[in-house]
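Just start-v5.cif here, mmCIF, C-alpha atoms and all ligand atoms:
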```cif
data_target
#
loop_
_atom_site.label_atom_id
_atom_site.label_comp_id
_atom_site.auth_asym_id
_atom_site.auth_seq_id
_atom_site.Cartn_x
_atom_site.Cartn_y
_atom_site.Cartn_z
CA MET O 1 31.19 13.03 11.44
CA GLY O 2 31.03 16.80 11.96
CA LEU O 3 32.75 17.39 15.29
CA ILE O 4 33.69 20.72 16.84
CA LEU O 5 36.89 20.62 18.87
CA GLY O 6 36.99 23.07 21.80
CA ILE O 7 40.13 24.11 23.69
CA ASP O 8 40.35 25.96 27.00
CA THR O 9 43.70 27.00 28.50
CA SER O 10 42.59 30.19 30.25
CA CYS O 11 44.01 29.34 33.66
CA ASP O 12 45.52 26.15 35.07
CA ASP O 13 43.42 23.43 33.42
CA THR O 14 44.12 22.10 29.93
CA GLY O 15 40.73 21.19 28.51
CA ILE O 16 39.81 19.69 25.15
CA GLY O 17 36.26 18.69 24.27
CA LEU O 18 34.59 17.23 21.20
CA VAL O 19 30.97 18.08 20.45
CA GLU O 20 28.77 16.88 17.59
CA ARG O 21 27.83 19.88 15.49
CA GLY O 22 24.43 18.47 14.57
CA SER O 23 23.13 17.22 17.90
CA GLY O 24 25.27 19.16 20.38
CA ARG O 25 26.15 15.86 22.08
CA VAL O 26 29.39 15.98 24.07
CA ARG O 27 31.49 13.10 22.74
CA ALA O 28 34.60 13.77 24.82
CA ASN O 29 35.65 16.22 27.50
CA VAL O 30 39.18 15.69 28.83
CA VAL O 31 40.84 17.99 31.35
CA ALA O 32 44.42 17.78 32.60
CA SER O 33 44.56 19.49 35.98
CA GLN O 34 47.70 21.31 37.16
CA THR O 35 46.58 21.59 40.78
CA ALA O 36 49.45 19.46 42.06
CA VAL O 37 52.00 21.66 40.23
CA HIS O 38 50.70 24.91 41.74
CA ALA O 39 49.67 23.68 45.20
CA PRO O 40 53.15 24.12 46.78
CA TYR O 41 53.01 27.82 45.82
CA GLY O 42 49.52 28.37 47.29
CA GLY O 43 48.19 29.68 43.97
CA VAL O 44 48.59 29.48 40.20
CA VAL O 45 52.06 30.43 38.91
CA PRO O 46 51.34 31.88 35.44
CA GLU O 47 54.57 30.86 33.70
CA ARG O 48 54.38 27.33 35.04
CA ALA O 49 50.79 27.15 33.80
CA SER O 50 51.82 28.10 30.23
CA ARG O 51 54.53 25.45 30.14
CA GLU O 52 52.23 22.78 31.52
CA HIS O 53 49.61 23.59 28.87
CA LEU O 54 52.18 23.13 26.14
CA ALA O 55 53.14 19.73 27.53
CA HIS O 56 49.52 18.61 28.04
CA LEU O 57 47.75 19.68 24.87
CA ARG O 58 48.80 16.80 22.63
CA PRO O 59 48.15 13.98 25.16
CA VAL O 60 44.81 15.56 26.10
CA LEU O 61 43.86 15.73 22.40
CA ASP O 62 44.79 12.06 21.96
CA ALA O 63 42.73 11.09 25.02
CA ALA O 64 39.72 13.07 23.74
CA MET O 65 39.95 11.35 20.35
CA ARG O 66 40.09 7.96 22.07
CA ASP O 67 37.06 8.79 24.25
CA ALA O 68 35.06 9.92 21.21
CA ASP O 69 36.32 7.04 19.10
CA ALA O 70 37.12 9.67 16.46
CA SER O 71 40.06 11.08 14.53
CA LEU O 72 41.07 14.56 13.34
CA ASP O 73 39.39 13.73 10.03
CA ASP O 74 36.05 13.96 11.86
CA VAL O 75 36.73 17.52 13.06
CA GLU O 76 35.20 20.32 10.99
CA ALA O 77 35.91 23.30 13.24
CA VAL O 78 38.34 24.21 16.01
CA ALA O 79 37.40 26.64 18.79
CA ALA O 80 39.69 28.04 21.47
CA THR O 81 39.37 30.48 24.36
CA TYR O 82 40.91 33.87 23.50
CA GLY O 83 40.22 35.54 26.87
CA PRO O 84 39.95 36.50 29.60
CA GLY O 85 42.62 34.63 31.55
CA LEU O 86 46.36 34.41 32.01
CA ILE O 87 48.02 35.86 28.92
CA GLY O 88 50.64 33.13 28.50
CA ALA O 89 48.19 30.32 29.14
CA LEU O 90 45.69 31.78 26.68
CA LEU O 91 48.36 32.22 24.01
CA VAL O 92 49.36 28.57 24.18
CA GLY O 93 45.86 27.18 23.59
CA LEU O 94 44.79 29.85 21.11
CA THR O 95 47.91 29.56 18.96
CA TRP O 96 47.86 25.76 19.11
CA GLY O 97 44.19 25.75 18.07
CA LYS O 98 44.81 28.16 15.21
CA ALA O 99 47.75 26.09 13.97
CA LEU O 100 45.69 22.90 14.09
CA ALA O 101 42.82 24.52 12.19
CA TRP O 102 45.09 26.24 9.65
CA GLY O 103 47.08 23.09 8.95
CA ARG O 104 43.91 21.13 8.21
CA ASP O 105 41.99 23.93 6.47
CA LEU O 106 39.27 24.01 9.13
CA THR O 107 37.08 26.82 10.45
CA PHE O 108 38.61 28.51 13.49
CA VAL O 109 36.33 30.08 16.13
CA PRO O 110 37.79 32.22 18.95
CA VAL O 111 35.53 31.98 22.01
CA HIS O 112 35.19 34.18 25.10
CA HIS O 113 35.68 32.09 28.24
CA LEU O 114 32.40 33.25 29.83
CA GLU O 115 30.54 32.53 26.59
CA GLY O 116 31.78 28.98 27.15
CA HIS O 117 30.50 28.83 30.73
CA ILE O 118 27.13 30.15 29.56
CA ALA O 119 27.00 27.59 26.74
CA SER O 120 27.51 24.77 29.24
CA ALA O 121 23.85 25.44 30.05
CA THR O 122 22.81 23.87 26.77
CA PHE O 123 24.01 20.47 28.09
CA ASP O 124 20.49 19.21 28.68
CA GLY O 125 18.57 21.30 26.21
CA VAL O 126 17.98 24.38 28.35
CA GLN O 127 16.21 26.92 26.16
CA ALA O 128 16.79 30.68 26.23
CA PRO O 129 15.77 32.97 27.80
CA TYR O 130 17.49 32.12 31.05
CA LEU O 131 19.68 33.65 33.73
CA CYS O 132 23.20 32.32 34.13
CA LEU O 133 25.21 32.83 37.30
CA ILE O 134 28.91 32.14 36.79
CA ALA O 135 30.75 31.73 40.08
CA SER O 136 34.34 30.57 39.71
CA GLY O 137 37.83 31.39 40.90
CA GLY O 138 38.17 34.12 38.28
CA HIS O 139 34.62 35.41 37.79
CA THR O 140 31.34 36.11 39.48
CA SER O 141 28.87 37.42 36.92
CA LEU O 142 25.15 37.28 36.34
CA PHE O 143 23.96 37.20 32.73
CA ARG O 144 20.62 37.30 31.00
CA VAL O 145 20.73 35.06 27.91
CA ASP O 146 18.05 35.75 25.31
CA GLU O 147 19.41 33.77 22.41
CA GLU O 148 22.05 31.06 22.27
CA GLY O 149 25.14 32.15 20.39
CA ALA O 150 24.24 35.85 20.66
CA ARG O 151 25.70 38.43 23.00
CA PRO O 152 24.19 38.06 26.49
CA THR O 153 23.41 40.98 28.81
CA GLU O 154 25.50 41.24 31.93
CA LEU O 155 23.21 42.25 34.79
CA GLY O 156 25.90 42.31 37.46
CA ARG O 157 29.37 41.19 38.40
CA SER O 158 31.76 41.16 41.32
CA LEU O 159 33.20 44.56 42.00
CA ASP O 160 36.30 42.99 43.57
CA ASP O 161 37.10 39.32 44.34
CA ALA O 162 35.32 36.47 42.59
CA ALA O 163 33.34 34.13 44.84
CA GLY O 164 35.78 31.24 44.37
CA GLU O 165 38.72 33.59 44.94
CA ALA O 166 37.13 34.62 48.27
CA PHE O 167 36.75 30.94 49.22
CA ASP O 168 40.41 30.36 48.33
CA LYS O 169 41.68 33.40 50.26
CA VAL O 170 39.61 32.70 53.36
CA ALA O 171 40.69 29.07 53.24
CA ARG O 172 44.28 30.27 53.28
CA LEU O 173 43.57 32.49 56.30
CA LEU O 174 42.23 29.40 58.05
CA GLY O 175 45.36 27.41 57.18
CA LEU O 176 43.67 25.17 54.61
CA PRO O 177 45.45 23.84 51.51
CA PHE O 178 45.04 25.18 47.93
CA PRO O 179 42.58 25.10 46.22
CA GLY O 180 40.68 26.28 49.24
CA GLY O 181 37.03 26.11 48.14
CA PRO O 182 36.43 22.39 48.61
CA ALA O 183 38.55 22.26 51.81
CA LEU O 184 36.72 25.22 53.33
CA SER O 185 33.37 23.70 52.45
CA GLU O 186 34.41 20.46 54.13
CA LEU O 187 35.43 22.31 57.29
CA ALA O 188 32.19 24.32 57.19
CA ALA O 189 30.13 21.13 57.26
CA GLY O 190 31.16 20.67 60.90
CA GLY O 191 30.46 24.28 61.94
CA ASP O 192 27.50 26.48 62.83
CA PRO O 193 26.54 28.82 59.95
CA ASN O 194 24.88 31.21 62.42
CA ALA O 195 27.82 31.39 64.83
CA ILE O 196 29.27 34.63 63.44
CA PRO O 197 26.90 37.30 62.05
CA PHE O 198 28.97 38.52 59.08
CA THR O 199 27.36 41.40 57.23
CA ARG O 200 25.99 40.38 53.84
CA PRO O 201 27.89 42.40 51.18
CA LEU O 202 25.98 45.06 49.18
CA ARG O 203 22.83 44.30 51.12
CA ARG O 204 21.27 47.64 50.25
CA GLN O 205 21.90 47.62 46.52
CA VAL O 206 19.12 47.70 43.96
CA GLY O 207 21.42 46.40 41.19
CA TYR O 208 22.85 42.89 40.77
CA ASP O 209 26.52 43.25 41.61
CA PHE O 210 28.55 41.20 44.07
CA SER O 211 31.41 42.00 46.42
CA PHE O 212 33.43 39.60 48.54
CA SER O 213 36.63 41.36 49.56
CA GLY O 214 35.03 43.12 52.57
CA LEU O 215 33.83 39.77 53.85
CA LYS O 216 37.32 38.33 53.42
CA THR O 217 38.75 41.27 55.41
CA ALA O 218 36.16 40.67 58.15
CA VAL O 219 37.36 37.07 58.44
CA ALA O 220 41.02 38.20 58.46
CA THR O 221 40.33 40.71 61.25
CA LEU O 222 38.44 38.13 63.28
CA VAL O 223 41.16 35.48 62.97
CA GLU O 224 43.88 38.02 63.80
CA ARG O 225 42.08 39.27 66.93
CA ASP O 226 41.17 35.86 68.19
CA PRO O 227 43.47 33.08 66.94
CA ASP O 228 41.44 30.58 68.96
CA VAL O 229 38.17 31.36 67.22
CA GLY O 230 36.46 28.14 66.10
CA ARG O 231 37.66 27.60 62.53
CA ALA O 232 34.70 25.43 61.56
CA ASN O 233 32.28 28.11 62.75
CA VAL O 234 34.15 30.80 60.81
CA ALA O 235 34.12 28.62 57.67
CA ALA O 236 30.41 27.81 58.03
CA SER O 237 29.40 31.43 58.70
CA PHE O 238 31.53 32.72 55.81
CA GLU O 239 30.13 30.11 53.44
CA ALA O 240 26.55 30.86 54.49
CA THR O 241 27.10 34.60 53.92
CA VAL O 242 28.52 34.06 50.41
CA VAL O 243 25.68 31.70 49.46
CA ASP O 244 23.12 34.14 50.85
CA ALA O 245 24.64 37.03 48.87
CA LEU O 246 24.69 35.03 45.63
CA LEU O 247 21.17 33.65 45.92
CA ARG O 248 19.37 36.75 47.14
CA THR O 249 20.75 38.70 44.18
CA LEU O 250 19.93 35.85 41.81
CA ALA O 251 16.34 35.53 43.08
CA ARG O 252 15.82 39.29 42.90
CA ALA O 253 17.10 39.39 39.31
CA ALA O 254 14.88 36.45 38.32
CA ARG O 255 11.82 38.23 39.69
CA ALA O 256 12.69 41.56 38.04
CA GLU O 257 13.55 39.96 34.69
CA GLY O 258 10.50 37.70 34.74
CA LEU O 259 12.63 34.56 34.21
CA ARG O 260 12.25 31.21 35.97
CA THR O 261 15.10 29.26 34.38
CA VAL O 262 18.45 29.74 36.05
CA VAL O 263 21.73 28.02 35.20
CA ILE O 264 24.68 27.91 37.58
CA ALA O 265 28.19 27.58 36.16
CA GLY O 266 31.75 27.79 37.50
CA GLY O 267 33.60 25.78 40.13
CA VAL O 268 31.64 27.21 43.08
CA ALA O 269 28.54 25.43 41.70
CA ALA O 270 30.01 22.32 43.36
CA ASN O 271 29.43 23.87 46.80
CA ARG O 272 27.07 21.74 48.91
CA ARG O 273 25.43 24.60 50.82
CA LEU O 274 24.86 26.49 47.58
CA ARG O 275 23.26 23.45 45.96
CA ALA O 276 20.99 22.85 48.95
CA ALA O 277 19.93 26.50 49.04
CA LEU O 278 19.23 26.49 45.29
CA ARG O 279 16.73 23.66 45.81
CA GLU O 280 14.78 25.92 48.18
CA LEU O 281 14.26 28.60 45.51
CA ASP O 282 11.02 28.67 43.61
CA LEU O 283 12.91 28.61 40.30
CA ASP O 284 13.81 26.09 37.60
CA VAL O 285 17.48 25.75 38.58
CA ARG O 286 19.86 23.80 36.33
CA VAL O 287 23.33 22.89 37.48
CA PRO O 288 25.39 21.15 34.78
CA PRO O 289 27.46 18.16 35.92
CA PRO O 290 30.82 19.12 37.55
CA GLU O 291 32.86 18.31 34.44
CA LEU O 292 30.90 21.02 32.60
CA THR O 293 30.67 23.64 35.38
CA THR O 294 34.44 23.81 35.93
CA ASP O 295 36.78 24.95 33.16
CA ASN O 296 36.69 22.53 30.22
CA GLY O 297 36.99 22.33 26.44
CA ALA O 298 33.49 20.99 25.68
CA MET O 299 31.88 24.25 26.82
CA ILE O 300 34.07 26.14 24.33
CA ALA O 301 32.97 23.79 21.54
CA LEU O 302 29.31 24.23 22.63
CA ALA O 303 29.68 28.02 22.46
CA ALA O 304 31.20 27.78 18.97
CA ARG O 305 28.37 25.47 17.90
CA ALA O 306 25.75 27.97 19.11
CA ARG O 307 27.42 30.76 17.16
CA MET O 308 27.85 28.66 14.02
CA ALA O 309 24.14 27.80 14.17
CA ARG O 310 23.28 31.49 13.75
CA GLY O 311 25.03 31.83 10.37
CA PRO O 312 28.47 32.19 8.79
CA LEU O 313 31.14 33.57 11.12
CA PRO O 314 33.87 36.06 10.28
CA PRO O 315 37.32 34.42 10.04
CA GLY O 316 38.82 34.04 13.52
CA TRP O 317 42.51 34.08 12.62
CA THR O 318 43.22 37.67 13.66
CA GLN O 319 41.73 37.35 17.16
CA ASP O 320 44.58 37.80 19.62
CA ALA O 321 44.72 36.61 23.22
CA ALA O 322 42.94 39.15 25.42
CA PRO O 323 43.56 38.72 29.16
CA TYR O 324 40.94 41.28 30.25
CA ALA O 325 38.33 40.92 27.50
CA PRO O 326 34.85 42.00 28.57
CA LEU O 327 31.99 39.86 27.22
CA ALA O 328 28.95 42.05 27.28
CA SER O 329 27.75 45.56 27.64
CA THR O 330 26.62 46.11 31.20
CA THR O 331 23.45 47.67 32.48
CA PRO O 332 23.91 51.25 33.71
CA ARG O 333 25.65 51.17 37.07
CA ALA O 334 25.38 54.76 38.30
CA SER O 335 21.90 54.20 39.70
CA SER O 336 22.58 50.70 41.02
CA TYR O 337 23.03 51.67 44.65
CA THR O 338 20.92 53.37 47.22
O1 LIG O 401 35.50 27.17 37.41
P1 LIG O 401 36.74 26.77 38.14
O2 LIG O 401 37.10 25.31 38.16
O3 LIG O 401 37.99 27.51 37.62
C1 LIG O 401 38.02 28.91 37.42
O4 LIG O 401 38.30 29.60 38.40
O5 LIG O 401 37.73 29.35 36.27
O6 LIG O 401 36.54 27.28 39.64
C2 LIG O 401 37.49 27.07 40.63
C3 LIG O 401 37.03 27.78 41.89
C4 LIG O 401 38.10 27.83 42.96
O7 LIG O 401 38.16 29.14 43.48
C5 LIG O 401 37.60 26.83 43.98
O8 LIG O 401 38.02 27.12 45.30
C6 LIG O 401 36.10 26.97 43.85
O9 LIG O 401 35.88 27.12 42.46
N1 LIG O 401 35.40 25.79 44.36
C7 LIG O 401 34.57 25.81 45.43
C8 LIG O 401 34.17 24.46 45.64
N2 LIG O 401 34.77 23.68 44.69
C9 LIG O 401 35.52 24.51 43.91
N3 LIG O 401 34.15 26.82 46.18
C10 LIG O 401 33.32 26.52 47.18
N4 LIG O 401 32.89 25.26 47.46
C11 LIG O 401 33.29 24.21 46.72
N5 LIG O 401 32.87 22.99 47.01
ZN ZN O 402 36.09 29.53 34.16
#
```

Spell out the structure here as structure tokens.
Ligand code: KG4
Ligand code: ZN
Amino acid sequence: MGLILGIDTSCDDTGIGLVERGSGRVRANVVASQTAVHAPYGGVVPERASREHLAHLRPVLDAAMRDADASLDDVEAVAATYGPGLIGALLVGLTWGKALAWGRDLTFVPVHHLEGHIASATFDGVQAPYLCLIASGGHTSLFRVDEEGARPTELGRSLDDAAGEAFDKVARLLGLPFPGGPALSELAAGGDPNAIPFTRPLRRQVGYDFSFSGLKTAVATLVERDPDVGRANVAASFEATVVDALLRTLARAARAEGLRTVVIAGGVAANRRLRAALRELDLDVRVPPPELTTDNGAMIALAARARMARGPLPPGWTQDAAPYAPLASTTPRASSYT
């Protein structure tokens, strides 16, 4: 049948997806979440994550095969995330994927995690060139994609915390449970986004970078000084400032790059305020469905498919897990700030 099997174990979700090589149709996309395992610790415990991946991979594979009504005989290539991410977690999925491919004499394609997020854009036939903003717990990066399956250009990235990480840390400061993003967003819905005039990070820059740790410190200072400060107002004002920072930079990049199509990926794409603000932009904004914007295996298979479509690939067997792997060359940064 010509399926590509994609595996993602970069952090705390075990994802396996099956994509048709010919059409790009997602036939299955199963994710086993470990949130309940890590929640008591207030964050992901790397060693626990590795062990959970090992336990989940086989059942998740079986579930994906059931969903696709397929068997391993239908798989012609296996793709797995090699980085960036937690080293142990990456090693489990990468090694498991290699073993599966080797044992069945299949092509093996190592995929960069962000390449996967970018490829999730192809879900409804989005055509390059486009801009892709990835905002998750581990990354906040803005890419220009000129050709599917080719190296994108990174226009900017977070200089410190990722957007989702900032949501999680501020949620913790406000006494909300892990993972904090959705809980903070819920609390923000009942607050006034103009109540606290937080300074928008990097508001004077001419480049396309992001920064969220200063904002997090501003919230920490505020909460420490005034424990009775209205939590909903803090949440709403923080959320509004993050959304403003993301979208102003995105809109500026779209104008400068002469691109109208913009894809949003990563868990923060689920944020209600962000989604509402995106609708106000005069751009063709595509937000993949939640199962494709958060970490998953189908996006890894989609990335492998895009690369395979460009011609024969070098053998992937020697690609090791790379926790800090960069994806793309960046634009010069020295002149990015005024
Ligand atoms: O892409 P993802 O599922 O996993 C990675 O980090 O790779 O993203 C998870 C992140 C977490 O930081 C979570 O708090 C954030 O996305 N998030 C949200 C919302 N839902 C998830 N942040 C803000 N608002 C939300 N509704
Ligand atoms: Zn991710």

Counting only C-alpha atoms and all ligand atoms, which residues in chain O sit no more than 12 Å from ligand ZN 402 (chain O)? For each one, give the nearest pair of atoms and the distance in Å, sorted by chain then residue number, as CSV.
```
residue,atom,partner,partner_atom,distance
O:Asp8,CA,O:ZN402,ZN,9.1
O:Thr9,CA,O:ZN402,ZN,9.8
O:Ser10,CA,O:ZN402,ZN,7.6
O:Cys11,CA,O:ZN402,ZN,7.9
O:Asp12,CA,O:ZN402,ZN,10.1
O:Asp13,CA,O:ZN402,ZN,9.6
O:Thr14,CA,O:ZN402,ZN,11.7
O:Gly15,CA,O:ZN402,ZN,11.1
O:Thr81,CA,O:ZN402,ZN,10.4
O:Gly83,CA,O:ZN402,ZN,10.3
O:Pro84,CA,O:ZN402,ZN,9.2
O:Gly85,CA,O:ZN402,ZN,8.7
O:Leu86,CA,O:ZN402,ZN,11.6
O:His112,CA,O:ZN402,ZN,10.2
O:His113,CA,O:ZN402,ZN,6.5
O:Leu114,CA,O:ZN402,ZN,6.8
O:Glu115,CA,O:ZN402,ZN,9.9
O:Gly116,CA,O:ZN402,ZN,8.2
O:His117,CA,O:ZN402,ZN,6.6
O:Ile118,CA,O:ZN402,ZN,10.1
O:Ala119,CA,O:ZN402,ZN,11.9
O:Ser120,CA,O:ZN402,ZN,11.0
O:Leu133,CA,O:ZN402,ZN,11.8
O:Ile134,CA,O:ZN402,ZN,8.1
O:Ala135,CA,O:ZN402,ZN,8.3
O:Ser136,CA,O:ZN402,ZN,5.9
O:Gly137,CA,O:ZN402,ZN,7.2
O:Gly138,CA,O:ZN402,ZN,6.5
O:His139,CA,O:ZN402,ZN,7.1
O:Thr140,CA,O:ZN402,ZN,9.7
O:Ser141,CA,O:ZN402,ZN,11.0
O:Ala162,CA,O:ZN402,ZN,10.9
O:Ala163,CA,O:ZN402,ZN,11.9
O:Gly164,CA,O:ZN402,ZN,10.4
O:Glu165,CA,O:ZN402,ZN,11.8
O:Ala265,CA,O:ZN402,ZN,8.4
O:Gly266,CA,O:ZN402,ZN,5.7
O:Gly267,CA,O:ZN402,ZN,7.5
O:Val268,CA,O:ZN402,ZN,10.2
O:Ala269,CA,O:ZN402,ZN,11.4
O:Glu291,CA,O:ZN402,ZN,11.7
O:Leu292,CA,O:ZN402,ZN,10.1
O:Thr293,CA,O:ZN402,ZN,8.1
O:Thr294,CA,O:ZN402,ZN,6.2
O:Asp295,CA,O:ZN402,ZN,4.7
O:Asn296,CA,O:ZN402,ZN,8.1
O:Gly297,CA,O:ZN402,ZN,10.6
O:Met299,CA,O:ZN402,ZN,10.0
O:Ile300,CA,O:ZN402,ZN,10.6
```

Next, the residues of the selection above should be written as a short mmCIF file (atom, residue, chain, number, x, y, z; two decimals), in the frame of the given file with C-alpha atoms.
```cif
data_model
loop_
_atom_site.label_atom_id
_atom_site.label_comp_id
_atom_site.auth_asym_id
_atom_site.auth_seq_id
_atom_site.Cartn_x
_atom_site.Cartn_y
_atom_site.Cartn_z
CA ASP O 8 40.35 25.96 27.00
CA THR O 9 43.70 27.00 28.50
CA SER O 10 42.59 30.19 30.25
CA CYS O 11 44.01 29.34 33.66
CA ASP O 12 45.52 26.15 35.07
CA ASP O 13 43.42 23.43 33.42
CA THR O 14 44.12 22.10 29.93
CA GLY O 15 40.73 21.19 28.51
CA THR O 81 39.37 30.48 24.36
CA GLY O 83 40.22 35.54 26.87
CA PRO O 84 39.95 36.50 29.60
CA GLY O 85 42.62 34.63 31.55
CA LEU O 86 46.36 34.41 32.01
CA HIS O 112 35.19 34.18 25.10
CA HIS O 113 35.68 32.09 28.24
CA LEU O 114 32.40 33.25 29.83
CA GLU O 115 30.54 32.53 26.59
CA GLY O 116 31.78 28.98 27.15
CA HIS O 117 30.50 28.83 30.73
CA ILE O 118 27.13 30.15 29.56
CA ALA O 119 27.00 27.59 26.74
CA SER O 120 27.51 24.77 29.24
CA LEU O 133 25.21 32.83 37.30
CA ILE O 134 28.91 32.14 36.79
CA ALA O 135 30.75 31.73 40.08
CA SER O 136 34.34 30.57 39.71
CA GLY O 137 37.83 31.39 40.90
CA GLY O 138 38.17 34.12 38.28
CA HIS O 139 34.62 35.41 37.79
CA THR O 140 31.34 36.11 39.48
CA SER O 141 28.87 37.42 36.92
CA ALA O 162 35.32 36.47 42.59
CA ALA O 163 33.34 34.13 44.84
CA GLY O 164 35.78 31.24 44.37
CA GLU O 165 38.72 33.59 44.94
CA ALA O 265 28.19 27.58 36.16
CA GLY O 266 31.75 27.79 37.50
CA GLY O 267 33.60 25.78 40.13
CA VAL O 268 31.64 27.21 43.08
CA ALA O 269 28.54 25.43 41.70
CA GLU O 291 32.86 18.31 34.44
CA LEU O 292 30.90 21.02 32.60
CA THR O 293 30.67 23.64 35.38
CA THR O 294 34.44 23.81 35.93
CA ASP O 295 36.78 24.95 33.16
CA ASN O 296 36.69 22.53 30.22
CA GLY O 297 36.99 22.33 26.44
CA MET O 299 31.88 24.25 26.82
CA ILE O 300 34.07 26.14 24.33
#
```

#### Entry: Which residue of O:Arg273, O:Arg248, O:Lys169, O:Arg66 approaches Val219 in chain O most closely, using all atoms listed in the file
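Among the listed residues, the smallest separation from Val219 in chain O belongs to O:Lys169.
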
### Message
If I take CA of Arg58 in chain O and CA of Arg25 in chain O, how far is one from the other in Å, to one decimal?
### Response
22.7 Å

### Task
Give the answer as one residue: which of O:Glu147, O:Glu76, O:Glu154, O:Glu186 has the shortest atom-to-atom distance to ligand LIG 401 (chain O), using only C-alpha atoms and all ligand atoms?
O:Glu186

### Task
Could you check how far CA of Pro129 in chain O sits from CA of Ser158 in chain O, in Å to one decimal?
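So the two atoms, CA of Pro129 in chain O and CA of Ser158 in chain O, lie 22.5 Å apart.
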
### Task
For CA of Ala128 in chain O and CA of Glu148 in chain O, quote the distance in Å rounded to one decimal.
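Between these atoms lies a distance of 6.6 Å.
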
Taking all atoms of ligand LIG 401 (chain O) that appear in the file, build a box with edges along x, y and z, extend it by 6 Å on every side, and state its centre and edge lengths in Å to one decimal, as AutoDock Vina command-line options.
```
--center_x 35.6 --center_y 26.3 --center_z 41.9 --size_x 17.4 --size_y 18.6 --size_z 23.2
```

## Note on the structure
If you count all atoms listed in the file, the residue of O:Arg51, O:Arg272, O:Arg252, O:His38 closest to ligand LIG 401 (chain O) turns out to be O:Arg272

#### Entry: Counting all atoms listed in the file, the residue of O:Phe108, O:Tyr130, O:Phe123, O:Phe178 that sits nearest ligand LIG 401 (chain O)
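When distances to ligand LIG 401 (chain O) are compared using all atoms listed in the file, the smallest one comes from O:Phe178.
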
### Query
Nearest to Ser33 in chain O: which of O:Leu57, O:Glu47, O:Arg203, O:Leu94 is it, counting all atoms listed in the file?
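Closest to Ser33 in chain O, using all atoms listed in the file: O:Leu57.
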
### Message
When you count only C-alpha atoms, which of these residues is closest to Ala301 in chain O: O:Ala36, O:Pro110, O:Asp69, O:Thr241?
### Response
O:Pro110

### Neighbour list for range 39-42 of chain O as a PyMOL selection string, cut-off 12 Å, all atoms listed in the file, skip fewer than 3 positions in-chain
chain O and resi 12+33-36+45-46+48-49+168-169+171-173+175-180

### Message
I want to know what sits within 7 Å of Asp160 in chain O, based on all atoms listed in the file, with residues of the same chain fewer than 5 positions away left out; could you give that as a list in words?
### Response
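Near Asp160 in chain O, the qualifying residues are Ser211, Phe212 and Ser213 of chain O.
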
Let me see the file: selected residues, C-alpha atoms, as an mmCIF file, keeping the file's coordinate frame.
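Final output, part.cif:
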```
data_model
loop_
_atom_site.group_PDB
_atom_site.id
_atom_site.type_symbol
_atom_site.label_atom_id
_atom_site.label_comp_id
_atom_site.auth_asym_id
_atom_site.auth_seq_id
_atom_site.Cartn_x
_atom_site.Cartn_y
_atom_site.Cartn_z
ATOM 1 C CA SER O 211 31.410 42.000 46.420
ATOM 2 C CA PHE O 212 33.430 39.600 48.540
ATOM 3 C CA SER O 213 36.630 41.360 49.560
#
```

### Message
Is it possible to get the residues within 6 Å of (43.4, 36.9, 24.3) (coordinates as in the file, counting only C-alpha atoms) written as a list in words?
### Response
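These residues have at least one counted atom within 6 Å: Tyr82, Gly83, Asp320, Ala321, Ala322 and Pro323 of chain O.
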